[in-house]
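What follows is the content of run.txt, which has compact mmCIF, C-alpha atoms and all ligand atoms:
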```
# COMPACT_ATOMS: atom_id res chain seq x y z
CA MET P 20 -71.72 -35.01 74.17
CA ALA P 21 -72.03 -31.58 75.79
CA LEU P 22 -70.18 -32.28 79.03
CA VAL P 23 -67.48 -34.77 79.89
CA THR P 24 -65.91 -35.62 83.22
CA ARG P 25 -62.83 -37.49 82.05
CA VAL P 26 -60.21 -36.68 79.45
CA THR P 27 -60.63 -40.19 78.05
CA ASP P 28 -64.29 -39.35 77.32
CA LEU P 29 -62.83 -37.16 74.55
CA ILE P 30 -61.20 -40.09 72.74
CA GLY P 31 -62.45 -40.94 69.27
CA ASN P 32 -64.75 -39.58 66.59
CA THR P 33 -61.74 -38.03 64.94
CA PRO P 34 -62.23 -36.19 61.64
CA LEU P 35 -61.52 -37.39 58.11
CA PHE P 36 -59.52 -35.17 55.77
CA GLU P 37 -59.70 -35.59 52.01
CA LEU P 38 -56.07 -35.23 50.98
CA ALA P 39 -56.23 -36.32 47.37
CA THR P 40 -58.72 -37.28 44.67
CA THR P 41 -58.16 -38.51 41.12
CA ASP P 42 -60.25 -38.06 37.95
CA THR P 43 -61.32 -41.68 38.29
CA GLY P 44 -62.82 -41.06 41.73
CA THR P 45 -60.06 -42.64 43.84
CA ARG P 46 -59.55 -40.70 47.02
CA LEU P 47 -56.93 -40.70 49.76
CA LEU P 48 -58.46 -39.87 53.14
CA LEU P 49 -56.60 -39.13 56.35
CA LYS P 50 -58.09 -40.21 59.68
CA LEU P 51 -56.73 -37.40 61.85
CA GLU P 52 -55.95 -39.13 65.12
CA GLN P 53 -54.11 -36.08 66.43
CA PHE P 54 -57.56 -34.83 67.43
CA ASN P 55 -57.56 -37.30 70.31
CA PRO P 56 -56.39 -36.15 73.78
CA THR P 57 -52.55 -36.29 73.82
CA GLY P 58 -52.61 -35.57 70.09
CA ALA P 59 -52.19 -39.21 69.11
CA ALA P 60 -53.97 -42.46 68.30
CA LYS P 61 -52.17 -44.40 71.01
CA ILE P 62 -54.42 -43.18 73.80
CA ARG P 63 -57.12 -45.43 72.33
CA MET P 64 -55.08 -48.53 73.04
CA ALA P 65 -53.57 -47.20 76.29
CA ARG P 66 -57.08 -47.01 77.73
CA GLU P 67 -57.97 -50.46 76.40
CA MET P 68 -54.83 -52.07 77.86
CA VAL P 69 -55.57 -50.64 81.32
CA LEU P 70 -59.26 -51.58 81.26
CA ASP P 71 -58.32 -55.07 80.09
CA ALA P 72 -55.80 -55.43 82.94
CA GLU P 73 -58.44 -54.31 85.43
CA ARG P 74 -60.93 -56.83 84.05
CA ARG P 75 -58.35 -59.60 84.35
CA GLY P 76 -57.40 -58.62 87.89
CA LEU P 77 -53.84 -57.68 86.91
CA LEU P 78 -54.16 -54.15 88.24
CA SER P 79 -55.76 -53.30 91.53
CA ASP P 80 -56.36 -50.05 93.41
CA GLY P 81 -53.29 -47.87 93.42
CA GLY P 82 -51.38 -50.36 91.27
CA HIS P 83 -48.34 -49.57 89.16
CA ILE P 84 -48.27 -49.52 85.35
CA ILE P 85 -44.92 -49.90 83.57
CA GLU P 86 -44.38 -49.54 79.81
CA SER P 87 -41.55 -49.06 77.37
CA THR P 88 -42.48 -46.14 75.13
CA SER P 89 -41.10 -43.72 72.57
CA GLY P 90 -43.71 -41.20 73.64
CA ASN P 91 -47.29 -41.46 72.46
CA THR P 92 -48.10 -44.67 74.37
CA GLY P 93 -46.60 -43.11 77.47
CA LEU P 94 -48.70 -39.98 77.06
CA GLY P 95 -51.84 -42.08 76.74
CA LEU P 96 -50.96 -44.23 79.74
CA ALA P 97 -50.11 -41.12 81.78
CA VAL P 98 -53.63 -39.78 81.18
CA VAL P 99 -55.32 -43.08 82.02
CA ALA P 100 -53.11 -43.64 85.09
CA ALA P 101 -53.85 -40.13 86.40
CA GLU P 102 -57.58 -40.62 85.89
CA ARG P 103 -57.74 -44.04 87.50
CA GLY P 104 -55.30 -43.48 90.34
CA TYR P 105 -52.38 -45.63 89.23
CA ARG P 106 -48.69 -44.99 89.46
CA PHE P 107 -47.10 -44.98 85.99
CA THR P 108 -43.47 -45.46 85.06
CA ALA P 109 -42.39 -44.90 81.46
CA VAL P 110 -39.16 -46.54 80.36
CA VAL P 111 -37.76 -44.22 77.70
CA ASP P 112 -34.56 -43.55 75.78
CA HIS P 113 -32.63 -40.50 74.70
CA HIS P 114 -34.44 -40.43 71.34
CA ALA P 115 -37.77 -39.52 72.90
CA CYS P 116 -39.17 -36.11 72.12
CA LYS P 117 -38.52 -33.82 75.12
CA ASP P 118 -41.99 -32.27 75.02
CA LYS P 119 -43.62 -35.69 75.21
CA LEU P 120 -41.51 -36.53 78.26
CA ARG P 121 -42.37 -33.20 79.93
CA ALA P 122 -46.07 -33.76 79.29
CA MET P 123 -45.90 -37.26 80.81
CA GLN P 124 -44.19 -35.85 83.89
CA ALA P 125 -46.77 -33.08 84.14
CA MET P 126 -49.40 -35.80 84.45
CA GLY P 127 -47.48 -37.51 87.23
CA ALA P 128 -45.54 -40.15 85.29
CA GLU P 129 -42.09 -41.22 86.42
CA LEU P 130 -39.42 -41.56 83.75
CA VAL P 131 -36.68 -44.16 83.72
CA PHE P 132 -34.06 -43.80 80.97
CA VAL P 133 -32.21 -46.77 79.53
CA ALA P 134 -28.47 -46.23 79.31
CA ASP P 135 -27.44 -44.04 76.38
CA ASP P 136 -25.35 -46.32 74.19
CA GLY P 137 -23.99 -43.30 72.37
CA ASP P 138 -25.18 -44.31 68.93
CA ASP P 139 -28.25 -43.27 66.98
CA SER P 140 -29.98 -46.61 66.88
CA LEU P 141 -33.36 -46.94 68.53
CA ALA P 142 -33.18 -48.53 71.97
CA THR P 143 -36.48 -50.43 71.74
CA SER P 144 -35.21 -53.79 72.94
CA ALA P 145 -33.19 -52.31 75.81
CA ARG P 146 -36.29 -50.40 76.92
CA GLU P 147 -38.49 -53.48 76.80
CA ASP P 148 -36.01 -55.62 78.71
CA LEU P 149 -35.76 -53.01 81.45
CA ALA P 150 -39.55 -52.54 81.69
CA GLU P 151 -40.03 -56.29 81.97
CA ALA P 152 -37.36 -56.63 84.65
CA MET P 153 -38.77 -53.70 86.64
CA ALA P 154 -42.29 -55.15 86.56
CA ALA P 155 -41.02 -58.61 87.55
CA ALA P 156 -39.32 -57.11 90.61
CA ARG P 157 -42.45 -55.32 91.89
CA PRO P 158 -45.47 -57.35 93.01
CA ASP P 159 -47.99 -54.53 92.41
CA ALA P 160 -46.65 -53.68 88.94
CA TYR P 161 -48.08 -54.56 85.54
CA PHE P 162 -46.04 -54.32 82.32
CA THR P 163 -48.58 -53.44 79.63
CA GLU P 164 -46.21 -54.75 76.93
CA GLN P 165 -47.93 -53.10 74.00
CA HIS P 166 -46.15 -55.23 71.36
CA ASN P 167 -47.65 -58.46 72.66
CA ASN P 168 -50.88 -57.29 74.25
CA ASP P 169 -54.15 -58.28 72.54
CA ALA P 170 -55.83 -55.21 74.00
CA ASN P 171 -53.58 -53.00 71.84
CA ALA P 172 -55.37 -53.94 68.61
CA LEU P 173 -58.75 -54.03 70.39
CA GLY P 174 -58.25 -50.38 71.29
CA TYR P 175 -58.56 -49.51 67.59
CA TYR P 176 -61.82 -51.35 66.91
CA ALA P 177 -63.61 -48.03 67.30
CA VAL P 178 -61.53 -46.60 64.43
CA ALA P 179 -63.08 -49.18 62.11
CA GLU P 180 -66.54 -48.44 63.45
CA GLU P 181 -66.06 -44.69 62.96
CA LEU P 182 -64.77 -45.23 59.41
CA LEU P 183 -67.75 -47.35 58.44
CA SER P 184 -70.18 -44.94 60.01
CA ASP P 185 -68.59 -41.98 58.16
CA LEU P 186 -67.78 -43.64 54.82
CA GLY P 187 -69.87 -46.79 54.50
CA ARG P 188 -66.84 -48.66 53.14
CA VAL P 189 -63.04 -48.71 53.01
CA ASP P 190 -61.38 -50.27 49.96
CA ILE P 191 -57.76 -49.84 50.94
CA LEU P 192 -56.33 -49.33 54.41
CA LEU P 193 -52.79 -48.02 54.18
CA SER P 194 -50.97 -47.17 57.38
CA ALA P 195 -47.81 -47.22 59.44
CA VAL P 196 -46.88 -50.38 61.33
CA GLY P 197 -45.09 -50.08 64.67
CA THR P 198 -46.56 -52.56 67.11
CA GLY P 199 -49.18 -53.20 64.42
CA GLY P 200 -52.07 -52.40 66.77
CA SER P 201 -53.59 -49.51 64.85
CA LEU P 202 -53.47 -51.01 61.34
CA PHE P 203 -54.34 -54.60 62.19
CA GLY P 204 -56.88 -53.76 64.91
CA THR P 205 -58.72 -51.49 62.48
CA ALA P 206 -58.45 -54.04 59.66
CA ARG P 207 -59.68 -56.90 61.81
CA ARG P 208 -62.74 -55.00 63.03
CA LEU P 209 -63.53 -53.86 59.47
CA ARG P 210 -63.57 -57.51 58.45
CA GLU P 211 -65.78 -58.46 61.36
CA LEU P 212 -68.20 -55.80 60.18
CA GLY P 213 -68.22 -57.22 56.65
CA CYS P 214 -65.75 -54.86 54.98
CA ARG P 215 -62.62 -56.46 53.49
CA PRO P 216 -60.20 -53.73 52.48
CA GLN P 217 -56.84 -54.38 50.89
CA VAL P 218 -54.40 -53.86 53.78
CA ILE P 219 -51.10 -52.13 53.02
CA GLY P 220 -48.60 -51.70 55.86
CA VAL P 221 -45.91 -49.03 55.75
CA GLU P 222 -42.63 -49.20 57.65
CA PRO P 223 -39.39 -47.23 57.49
CA VAL P 224 -36.51 -48.48 55.35
CA GLY P 225 -34.33 -50.15 58.02
CA SER P 226 -37.31 -51.60 59.90
CA ILE P 227 -37.55 -55.38 59.72
CA ALA P 228 -41.25 -56.34 60.01
CA PHE P 229 -41.52 -56.72 56.22
CA GLY P 230 -38.03 -58.15 55.76
CA GLY P 231 -34.51 -56.80 55.92
CA PRO P 232 -31.98 -55.44 55.73
CA GLY P 233 -32.29 -53.68 59.06
CA GLY P 234 -30.67 -50.36 59.77
CA PRO P 235 -31.13 -47.07 61.57
CA TYR P 236 -34.06 -44.78 60.80
CA TRP P 237 -35.48 -41.57 62.20
CA GLN P 238 -39.23 -42.07 61.74
CA SER P 239 -40.50 -42.11 65.29
CA GLY P 240 -43.15 -44.36 66.86
CA THR P 241 -43.18 -46.75 63.92
CA GLY P 242 -41.34 -49.74 62.50
CA THR P 243 -39.40 -52.54 64.16
CA PRO P 244 -35.70 -51.73 64.50
CA PRO P 245 -33.13 -54.47 63.94
CA GLY P 246 -32.62 -56.43 67.14
CA ALA P 247 -36.23 -55.97 68.27
CA THR P 248 -38.75 -58.77 67.89
CA VAL P 249 -41.87 -58.27 65.81
CA GLY P 250 -44.72 -58.49 68.31
CA THR P 251 -47.97 -60.44 68.12
CA ALA P 252 -49.96 -57.31 67.26
CA VAL P 253 -48.45 -57.53 63.75
CA ASP P 254 -50.98 -59.85 62.11
CA TYR P 255 -49.39 -60.97 58.84
CA SER P 256 -52.54 -62.94 57.97
CA LEU P 257 -54.33 -59.62 57.44
CA LEU P 258 -51.53 -58.00 55.44
CA ASP P 259 -51.76 -57.82 51.64
CA GLU P 260 -48.61 -55.79 51.05
CA GLY P 261 -45.77 -54.33 53.08
CA VAL P 262 -44.18 -51.13 51.77
CA LYS P 263 -40.96 -49.48 52.89
CA VAL P 264 -40.53 -45.71 52.89
CA SER P 265 -37.26 -43.91 53.56
CA ASP P 266 -36.90 -41.13 56.12
CA VAL P 267 -36.23 -38.68 53.29
CA GLU P 268 -39.49 -39.63 51.54
CA ALA P 269 -41.60 -39.72 54.72
CA PHE P 270 -40.34 -36.38 55.98
CA ALA P 271 -40.60 -34.73 52.54
CA ALA P 272 -44.27 -35.77 52.44
CA ALA P 273 -44.98 -34.44 55.94
CA ARG P 274 -43.25 -31.15 55.12
CA ALA P 275 -45.09 -30.80 51.82
CA VAL P 276 -48.50 -31.41 53.45
CA ALA P 277 -47.67 -28.70 56.01
CA LYS P 278 -46.58 -26.24 53.33
CA LYS P 279 -49.43 -26.82 50.89
CA LEU P 280 -52.34 -27.40 53.21
CA GLY P 281 -51.39 -26.02 56.61
CA LEU P 282 -51.85 -29.47 58.12
CA LEU P 283 -49.11 -30.67 60.46
CA ILE P 284 -48.75 -34.46 60.41
CA GLY P 285 -46.05 -36.56 62.05
CA GLY P 286 -43.18 -38.25 60.24
CA SER P 287 -44.69 -41.73 60.28
CA ALA P 288 -47.91 -40.39 58.75
CA GLY P 289 -45.66 -38.71 56.19
CA GLY P 290 -44.47 -42.19 55.22
CA SER P 291 -48.03 -43.37 54.61
CA VAL P 292 -48.88 -40.21 52.69
CA HIS P 293 -45.81 -40.71 50.50
CA ALA P 294 -46.85 -44.29 49.78
CA GLY P 295 -50.46 -43.26 49.12
CA LEU P 296 -49.74 -40.30 46.86
CA THR P 297 -47.13 -42.05 44.75
CA ARG P 298 -49.39 -45.03 44.01
CA LEU P 299 -52.73 -43.24 43.90
CA GLU P 300 -53.22 -43.84 40.16
CA GLN P 301 -52.41 -47.54 40.57
CA PHE P 302 -55.35 -48.20 42.89
CA PRO P 303 -58.56 -49.44 41.25
CA PRO P 304 -60.63 -46.46 40.00
CA GLY P 305 -63.11 -45.19 42.58
CA SER P 306 -61.18 -46.63 45.55
CA THR P 307 -61.57 -45.13 48.98
CA VAL P 308 -58.09 -45.29 50.51
CA VAL P 309 -57.75 -44.52 54.23
CA THR P 310 -54.57 -43.68 56.13
CA ILE P 311 -54.51 -43.42 59.90
CA VAL P 312 -52.52 -40.31 60.86
CA CYS P 313 -51.17 -41.51 64.18
CA ASP P 314 -50.08 -38.09 65.40
CA GLY P 315 -49.64 -34.47 64.41
CA GLY P 316 -46.53 -32.60 63.31
CA GLU P 317 -46.52 -30.35 66.37
CA LYS P 318 -44.53 -33.11 68.08
CA TYR P 319 -41.77 -32.90 65.49
CA LEU P 320 -41.05 -29.17 65.28
CA ASP P 321 -37.55 -29.85 66.64
CA THR P 322 -36.87 -32.62 64.14
CA VAL P 323 -38.81 -33.16 60.89
CA PHE P 324 -39.75 -29.47 60.69
CA ASP P 325 -36.36 -28.13 61.80
CA GLU P 326 -34.01 -27.33 58.90
CA ASP P 327 -30.83 -27.67 60.97
CA TRP P 328 -31.82 -31.02 62.44
CA MET P 329 -32.77 -32.26 58.98
CA ASN P 330 -29.58 -30.94 57.36
CA ASP P 331 -27.32 -32.39 60.05
CA ARG P 332 -28.67 -35.84 59.22
CA ASP P 333 -28.74 -35.36 55.47
CA LEU P 334 -32.51 -35.81 55.39
CA LEU P 335 -33.50 -32.75 53.37
CA ASP P 336 -33.99 -33.52 49.73
CA GLU P 337 -35.39 -30.72 47.62
CA SER P 338 -36.38 -32.84 44.67
CA THR P 339 -38.36 -35.37 46.78
CA GLU P 340 -40.14 -32.50 48.55
CA LYS P 341 -40.86 -30.84 45.18
CA ASP P 342 -42.36 -34.10 43.88
CA MET P 343 -44.66 -34.23 46.89
CA LEU P 344 -45.67 -30.58 46.48
CA GLU P 345 -46.50 -31.24 42.84
CA LEU P 346 -48.57 -34.32 43.68
CA LEU P 347 -50.53 -32.28 46.20
CA ASP P 348 -51.12 -29.55 43.60
CA ARG P 349 -52.42 -32.18 41.22
CA TYR P 350 -54.55 -34.22 43.60
CA SER P 351 -55.56 -32.10 46.59
CA PRO P 352 -59.17 -30.94 46.16
CA ALA P 353 -58.40 -27.88 48.27
CA ARG P 354 -55.56 -26.86 45.95
CA ARG P 355 -57.55 -27.59 42.80
CA ASP P 356 -60.45 -25.46 44.06
CA LEU P 357 -58.09 -22.49 44.02
CA VAL P 358 -57.54 -22.71 40.27
CA GLY P 359 -59.56 -19.94 38.62
CA VAL P 360 -60.33 -18.33 41.99
CA ARG P 361 -57.08 -16.37 42.07
C1 LIG F 1 -46.13 -41.69 65.65
C2 LIG F 1 -46.76 -43.02 65.40
N1 LIG F 1 -46.45 -43.68 64.29
C3 LIG F 1 -46.97 -44.89 64.02
C4 LIG F 1 -47.87 -45.49 64.85
C5 LIG F 1 -48.42 -46.85 64.53
O1 LIG F 1 -48.07 -47.67 65.55
P1 LIG F 1 -48.73 -49.06 65.90
O2 LIG F 1 -48.43 -49.96 64.76
O3 LIG F 1 -48.02 -49.40 67.14
O4 LIG F 1 -50.20 -48.88 66.09
C6 LIG F 1 -48.25 -44.82 66.01
C7 LIG F 1 -49.30 -45.37 66.87
O5 LIG F 1 -50.21 -44.70 67.27
C8 LIG F 1 -47.68 -43.56 66.31
O6 LIG F 1 -48.00 -42.88 67.43
```

Output the structure of this file as structure tokens.
Amino acid sequence: MALVTRVTDLIGNTPLFELATTDTGTRLLLKLEQFNPTGAAKIRMAREMVLDAERRGLLSDGGHIIESTSGNTGLGLAVVAAERGYRFTAVVDHHACKDKLRAMQAMGAELVFVADDGDDSLATSAREDLAEAMAAARPDAYFTEQHNNDANALGYYAVAEELLSDLGRVDILLSAVGTGGSLFGTARRLRELGCRPQVIGVEPVGSIAFGGPGGPYWQSGTGTPPGATVGTAVDYSLLDEGVKVSDVEAFAAARAVAKKLGLLIGGSAGGSVHAGLTRLEQFPPGSTVVTIVCDGGEKYLDTVFDEDWMNDRDLLDESTEKDMLELLDRYSPARRDLVGVR
């Protein structure tokens, strides 16, 4: 593909990064979705939701897209709306990363903030209620409703196709669950193509998709906060195991990957990496384990990678970070290759 005419032509064919390998041939591979436009996986499903709405006659020329978003979905929809001539309103809350909001605005999106309730809990349900009410009040508007939109998971079918074309097989798919679109869409398409990986979902401690108790958490773009409803994109019939990872563990993993390998991954990907590295030796020997890295760490320089922000919330834990650094020393092929070289 030498020349493209649309930003969305650049979606997909993201690289695979070998993070860890064991003596028994098990390997943990990262599907680096930050190489998509907007630096996130969500643009895959943003495009699919809009195309699906067009096909179903729910969006017509100059129509209005409305979505509740913590950032990456909004960035994806802003690109697609700009390209296809739609108005786009993102319903956001005060937790959203400022750079993501600025980027959405740069692409012409309008932002509507839900009221700041003054606490640190995620405002997912308030955002969704407002987006739904706004769309209901405007005849030309379409609420994409990512949590309950079948096109969300469909947007990730290409991830499965890319994985099979690059690897031939996936034995274990281990990834963050927010709406569920990326993990379950990929898993479903893998199955359709004859590959039946073990599917392990990862959510923050405090998220309720794999059971309670609910509580606050800082991992962004993932999980289901207490009070929010688990959407239809979470397909429990495809799930073999649900794992919970604390903010401290997820962020320690993301920080360790940055320090050891120079690779910036987001906090939710840190959660999956923590789960993958700590159980690597428990997977059947020779397993190919794949984690979808939903976005890069560049979006979290003010949070996960900021010492003051981390300290203020009691999220820095030296011993957890040291454990992660040691696991990377032991398992990262790039680190092992250095032994004897220097
Ligand atoms: C930062 C982040 N974490 C996690 C996820 C997984 O979310 P979902 O389950 O909605 O696909 C995404 C989606 O791309 C994301 O952007």

So that I can check the surroundings of Arg146 (chain P), please list as a ChimeraX atom specification every protein, DNA and RNA residue that reaches within 8 Å of it, counting only C-alpha atoms and ignoring chain neighbours fewer than 5 positions away. /P:87-88,110-112,133

Let me make sure I understand: among P:Met329, P:Met68, P:Ala60, P:Val292, which one has the smallest atom-to-atom distance to ligand LIG 1 (chain F) if we use only C-alpha atoms and all ligand atoms?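 That would be P:Ala60, the residue with the smallest distance to ligand LIG 1 (chain F).
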
Need the shell around Asp266 (chain P): protein/DNA/RNA residues with any atom at most 9 Å away, counting all atoms listed in the file. Skip same-chain ones fewer than 4 positions apart. Format as a list in words?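 With the cut-off at 9 Å, the set is Pro223, Val224, Tyr236, Trp237, Gln238, Phe270, Ala271, Gly286, Ser287, Gly290 and Leu334 of chain P.
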
Within 8 Å of ligand LIG 1 (chain F), counting only C-alpha atoms and all ligand atoms: which residues, as a CSV table (one decimal) with C-alpha atoms, keeping the file's coordinate frame?
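Printed below is selection_21.csv as written:
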```csv
chain,number,residue,atom,x,y,z
P,59,ALA,CA,-52.2,-39.2,69.1
P,60,ALA,CA,-54.0,-42.5,68.3
P,61,LYS,CA,-52.2,-44.4,71.0
P,62,ILE,CA,-54.4,-43.2,73.8
P,90,GLY,CA,-43.7,-41.2,73.6
P,91,ASN,CA,-47.3,-41.5,72.5
P,92,THR,CA,-48.1,-44.7,74.4
P,165,GLN,CA,-47.9,-53.1,74.0
P,166,HIS,CA,-46.2,-55.2,71.4
P,171,ASN,CA,-53.6,-53.0,71.8
P,172,ALA,CA,-55.4,-53.9,68.6
P,194,SER,CA,-51.0,-47.2,57.4
P,195,ALA,CA,-47.8,-47.2,59.4
P,196,VAL,CA,-46.9,-50.4,61.3
P,197,GLY,CA,-45.1,-50.1,64.7
P,198,THR,CA,-46.6,-52.6,67.1
P,199,GLY,CA,-49.2,-53.2,64.4
P,200,GLY,CA,-52.1,-52.4,66.8
P,201,SER,CA,-53.6,-49.5,64.8
P,202,LEU,CA,-53.5,-51.0,61.3
P,203,PHE,CA,-54.3,-54.6,62.2
P,238,GLN,CA,-39.2,-42.1,61.7
P,239,SER,CA,-40.5,-42.1,65.3
P,240,GLY,CA,-43.2,-44.4,66.9
P,241,THR,CA,-43.2,-46.8,63.9
P,242,GLY,CA,-41.3,-49.7,62.5
P,252,ALA,CA,-50.0,-57.3,67.3
P,253,VAL,CA,-48.4,-57.5,63.8
P,285,GLY,CA,-46.0,-36.6,62.0
P,286,GLY,CA,-43.2,-38.2,60.2
P,287,SER,CA,-44.7,-41.7,60.3
P,288,ALA,CA,-47.9,-40.4,58.8
P,312,VAL,CA,-52.5,-40.3,60.9
P,313,CYS,CA,-51.2,-41.5,64.2
P,314,ASP,CA,-50.1,-38.1,65.4
```

Could you list, as a VMD selection string, every residue within 6 Å of Leu47 (chain P), counting all atoms listed in the file and ignoring same-chain residues fewer than 5 positions away? chain P and resid 38 to 39 308 to 309

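You will find CA of Phe229 (chain P) at 20.3 Å from CA of Asn168 (chain P).
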
Tell me which residues come within 7 Å of (-57.7, -43.8, 94.0), as a ChimeraX atom specification, counting only C-alpha atoms in the file's coordinates. /P:80-81,103-104
